[in-house]
Amino acid sequence: MLSGCYVVDALSQAERAEFERHLTNCPACEDEVRGLRETATRLALAAAVEPPPAMEQRVLAATYHTRQLPPLPSHARRARVARWFSGQTPATGGRRPLVTRLAVGVAAVAVVVAAGLGITEATTQHQLNNARASGSAITRIVTATDARTEHMPATGGGTVTVVMSARYRAAVVTSRDMPALSDARVYQVWVMSGSGARSVGLLDRGGSVLAGSVMAGDKIGITVEPAGGTSQPTTTPVVTMPVSA
Amino acid sequence: MVVMSRPEVRKLKPASGPGEEPEADQAALLILVARGDHGAFERLYRQLAGPVYGVVRQVLRDPAQSEEVAQEVLLEVWRTASRFDPDRGSAASWALTIAHRRAVDRVRSENASTAREAKAAPDIMTEHDNVSEAVEASLERQRVTRCLEGLTELQREAIKLSYYGGYSYPQVGQLLGVALGTVKTRIRDGLIRMRDCMGVAW
């Protein structure tokens, strides 16, 4: 069995490539490799050495000149995301128009997520890359193995859904059937904790907001604010949802 | 309008050192890094630069070359962060796999042109007598050393030569004077015992 050699990089390039092909067909091998790889990681952690201090600034500076790879959606992810989008039917019933057009396929999922993030034709490629990367983070959180979903009706109508992953300490907030606002007003999402309210974004119709660094005991709140949002809530939340552990 | 977390997200926690942020936070940081979050990358750098540099240095030995490769690895972490799949392993193992592989590939390509002297299996304790280290790394090192002691000599030497020494399994077989099949099973058995000794969850 080559799993040990694989994990310590003792295989040749050809053997490594062949073993990786084998892994795609052997879930049991994949499981074993995962555990042994984490073990090898401990070997690396034990060998930690403070690097030359100058290295930090060089690396950080270089990141400003280095493009990042966009994410690759995987088949399994697509299916999970599709199930999530279509499966979240609240008590009020009804589906978002976006979901009914959902088709299997990379482009379709990208469009759904992009539409959920409020992307239009006018968006620049840079914004689109950021949004796709952001869409990927949203996807990971909603498909995390520890993701927990809560629904709550909002004052004035509609339902807010929060998917929380303790693993990522992040939540994805979406809404359905909330009353449309005039152009002068917007729904704003906050993370509320003992130290106050922190804005995590504006919630468009059919859109999602990613809230990061969320801890158990925090609350997700949504308020109606002037278009463009505010730095602190100025109205009583239409919904407040505690974040469970 | 594009909606996403504001930069405030990365200011919430104070800067922390290696080992202080649990695994879930490293994964979250890496997800933020994939979205272009430089603040998250800086925090992740402080967690991972020591282990990246250290493991590269174990394999390459030469400090200047190690620094060069470690820099490349950390930049690769930035560049390919979107490829990290949290369901398949921790952020640390993702990054340190890149690091270890890159160091080994560098050694193997050098071996193709020059003969490499056989070296004794590196001892991770003595390597660090003259080098500064973080406290957390020291605790992890004690744990690993203790668990390595619980292996048979053949298992321990095979793991040290392959992982820390960067040797291929045929080279390990030559250095230890054992058959290829024996090398493979000793490495695997040794890692399984290490895994159980250290209580690795996966």
# chains A, B, ... in the order shown; residues from 1 in each chain; ligands from 1
>>> closest_atom_pairs(of="chain A", to="chain B", cutoff="6 Å", atoms="only C-alpha atoms", output="Markdown table")
| residue | atom | partner | partner_atom | distance |
| --- | --- | --- | --- | --- |
| A:Gly4 | CA | B:Arg188 | CA | 4.1 |
| A:Val8 | CA | B:Tyr163 | CA | 5.0 |
| A:Ala10 | CA | B:Ser168 | CA | 4.1 |
| A:Leu11 | CA | B:Ser168 | CA | 5.8 |
| A:Gly35 | CA | B:Trp202 | CA | 4.6 |
| A:Glu38 | CA | B:Ser93 | CA | 5.9 |
| A:Thr39 | CA | B:Arg195 | CA | 5.3 |
| A:Thr41 | CA | B:Ser93 | CA | 5.2 |
| A:Ala44 | CA | B:Val55 | CA | 5.2 |
| A:Leu45 | CA | B:Pro51 | CA | 5.0 |
| A:Ala46 | CA | B:Arg141 | CA | 4.1 |
| A:Ala47 | CA | B:Gly54 | CA | 5.1 |
| A:Ala48 | CA | B:Pro51 | CA | 3.8 |
| A:Val49 | CA | B:Gly54 | CA | 4.5 |
| A:Glu50 | CA | B:Gly50 | CA | 4.9 |
| A:Pro51 | CA | B:Gly50 | CA | 5.8 |
| A:Gln68 | CA | B:Arg79 | CA | 4.2 |
| A:Leu69 | CA | B:Thr80 | CA | 5.4 |
| A:Pro71 | CA | B:Ser82 | CA | 5.0 |
| A:Leu117 | CA | B:Val2 | CA | 5.5 |
| A:Gly118 | CA | B:Met1 | CA | 5.2 |
| A:Asn130 | CA | B:Arg35 | CA | 5.9 |
| A:Ala133 | CA | B:Arg35 | CA | 5.1 |
| A:Ser134 | CA | B:Arg35 | CA | 5.7 |
| A:Arg167 | CA | B:Ala24 | CA | 4.8 |
| A:Tyr168 | CA | B:Ala28 | CA | 4.7 |
| A:Val200 | CA | B:Ser5 | CA | 4.6 |
| A:Gly201 | CA | B:Val3 | CA | 5.4 |
| A:Leu202 | CA | B:Val3 | CA | 5.7 |
| A:Val209 | CA | B:Met4 | CA | 5.6 |
| A:Leu210 | CA | B:Met4 | CA | 5.6 |
| A:Ala211 | CA | B:Ser5 | CA | 5.8 |
>>> write_last_selection(atoms="N, CA and C atoms", output="CSV table (one decimal), in the first residue's frame")
chain,number,residue,atom,x,y,z
A,4,GLY,N,1.4,5.5,2.7
A,4,GLY,CA,2.4,6.1,3.5
A,4,GLY,C,3.4,6.9,2.7
A,8,VAL,N,4.4,11.1,2.6
A,8,VAL,CA,5.7,11.7,2.9
A,8,VAL,C,6.5,12.1,1.7
A,10,ALA,N,7.5,10.3,-0.8
A,10,ALA,CA,8.6,9.4,-1.1
A,10,ALA,C,8.4,8.7,-2.5
A,11,LEU,N,7.3,9.0,-3.2
A,11,LEU,CA,7.1,8.4,-4.5
A,11,LEU,C,7.7,9.3,-5.6
A,35,GLY,N,-6.0,11.1,7.0
A,35,GLY,CA,-5.4,10.9,8.4
A,35,GLY,C,-3.9,10.9,8.4
A,38,GLU,N,-2.5,14.4,7.8
A,38,GLU,CA,-2.6,15.3,9.0
A,38,GLU,C,-1.5,14.9,9.9
A,39,THR,N,-1.1,13.6,10.0
A,39,THR,CA,0.0,13.2,10.8
A,39,THR,C,1.3,13.8,10.3
A,41,THR,N,1.6,16.4,8.7
A,41,THR,CA,1.6,17.8,9.0
A,41,THR,C,2.1,18.1,10.4
A,44,ALA,N,5.7,18.3,10.3
A,44,ALA,CA,6.1,19.6,9.8
A,44,ALA,C,6.0,20.7,10.8
A,45,LEU,N,4.9,20.7,11.6
A,45,LEU,CA,4.7,21.7,12.6
A,45,LEU,C,5.8,21.5,13.7
A,46,ALA,N,6.2,20.3,13.9
A,46,ALA,CA,7.3,20.1,14.9
A,46,ALA,C,8.6,20.7,14.5
A,47,ALA,N,8.8,20.8,13.2
A,47,ALA,CA,10.0,21.3,12.6
A,47,ALA,C,10.0,22.8,12.4
A,48,ALA,N,9.0,23.5,12.9
A,48,ALA,CA,8.9,24.9,12.7
A,48,ALA,C,10.1,25.7,13.1
A,49,VAL,N,10.5,26.6,12.3
A,49,VAL,CA,11.7,27.5,12.7
A,49,VAL,C,11.3,28.9,12.3
A,50,GLU,N,11.5,29.9,13.2
A,50,GLU,CA,11.2,31.3,12.9
A,50,GLU,C,12.0,31.7,11.6
A,51,PRO,N,11.3,32.1,10.6
A,51,PRO,CA,12.0,32.5,9.4
A,51,PRO,C,12.7,33.8,9.5
A,68,GLN,N,-4.6,35.9,-8.1
A,68,GLN,CA,-5.0,34.6,-7.5
A,68,GLN,C,-5.9,33.8,-8.5
A,69,LEU,N,-5.8,32.5,-8.3
A,69,LEU,CA,-6.6,31.6,-9.1
A,69,LEU,C,-8.1,31.7,-8.7
A,71,PRO,N,-11.8,30.0,-8.3
A,71,PRO,CA,-12.1,28.7,-7.8
A,71,PRO,C,-12.6,27.8,-8.9
A,117,LEU,N,-25.4,37.4,-5.8
A,117,LEU,CA,-24.5,38.5,-5.2
A,117,LEU,C,-24.7,39.8,-5.9
A,118,GLY,N,-25.8,39.9,-6.7
A,118,GLY,CA,-26.1,41.2,-7.3
A,118,GLY,C,-25.2,41.6,-8.4
A,130,ASN,N,-13.7,38.6,-7.9
A,130,ASN,CA,-13.9,38.7,-6.4
A,130,ASN,C,-15.2,38.1,-6.0
A,133,ALA,N,-15.0,34.3,-6.2
A,133,ALA,CA,-14.2,33.9,-5.1
A,133,ALA,C,-15.1,33.9,-3.8
A,134,SER,N,-15.9,35.1,-3.7
A,134,SER,CA,-16.8,35.2,-2.6
A,134,SER,C,-17.9,34.2,-2.7
A,167,ARG,N,-17.3,25.8,12.1
A,167,ARG,CA,-16.0,25.5,11.6
A,167,ARG,C,-15.4,26.7,11.0
A,168,TYR,N,-16.1,27.4,10.2
A,168,TYR,CA,-15.6,28.6,9.6
A,168,TYR,C,-15.9,29.9,10.4
A,200,VAL,N,-22.1,43.8,7.9
A,200,VAL,CA,-21.4,42.8,7.0
A,200,VAL,C,-22.0,42.9,5.6
A,201,GLY,N,-22.9,43.8,5.3
A,201,GLY,CA,-23.2,44.0,4.0
A,201,GLY,C,-24.7,44.4,3.8
A,202,LEU,N,-25.0,44.7,2.5
A,202,LEU,CA,-26.4,45.0,2.2
A,202,LEU,C,-27.1,43.8,1.5
A,209,VAL,N,-25.6,37.5,1.9
A,209,VAL,CA,-24.5,38.2,2.5
A,209,VAL,C,-23.7,37.2,3.3
A,210,LEU,N,-22.4,37.3,3.2
A,210,LEU,CA,-21.5,36.5,4.0
A,210,LEU,C,-21.0,37.2,5.2
A,211,ALA,N,-21.3,36.7,6.3
A,211,ALA,CA,-20.8,37.3,7.6
A,211,ALA,C,-19.7,36.5,8.2
>>> select_by_dssp(residues="range 31-117 of chain B", states="alpha helix (DSSP H)", output="count of residues only")
67
>>> residues_around(residues="range 142-155 of chain A", least_positions_apart="5", cutoff="9 Å", atoms="only C-alpha atoms", output="list of chain:residue names")
A:Arg77, A:Arg80, A:Val81, A:Trp84, A:Pro90, A:Ala137, A:Val160, A:Thr161, A:Val162, A:Val163, A:Met164, A:Ser165, A:Ala166, A:Arg167, A:Tyr168, A:Ala171, A:Val172, A:Met178, A:Ile222, A:Pro237, A:Val238, A:Val239, A:Thr240, A:Met241, A:Val243, A:Ser244, B:Pro86, B:Asp87
>>> atom_distance(atom1="CA of Gly173 in chain B", atom2="CA of Asp31 in chain A")
26.7 Å
>>> atom_distance(atom1="CA of Pro233 in chain A", atom2="CA of Asp177 in chain A")
21.9 Å
>>> closest_residue(among="B:Ala91, B:Arg146, B:Gln155, B:Ala40", to="Thr182 in chain B", atoms="only C-alpha atoms")
B:Gln155
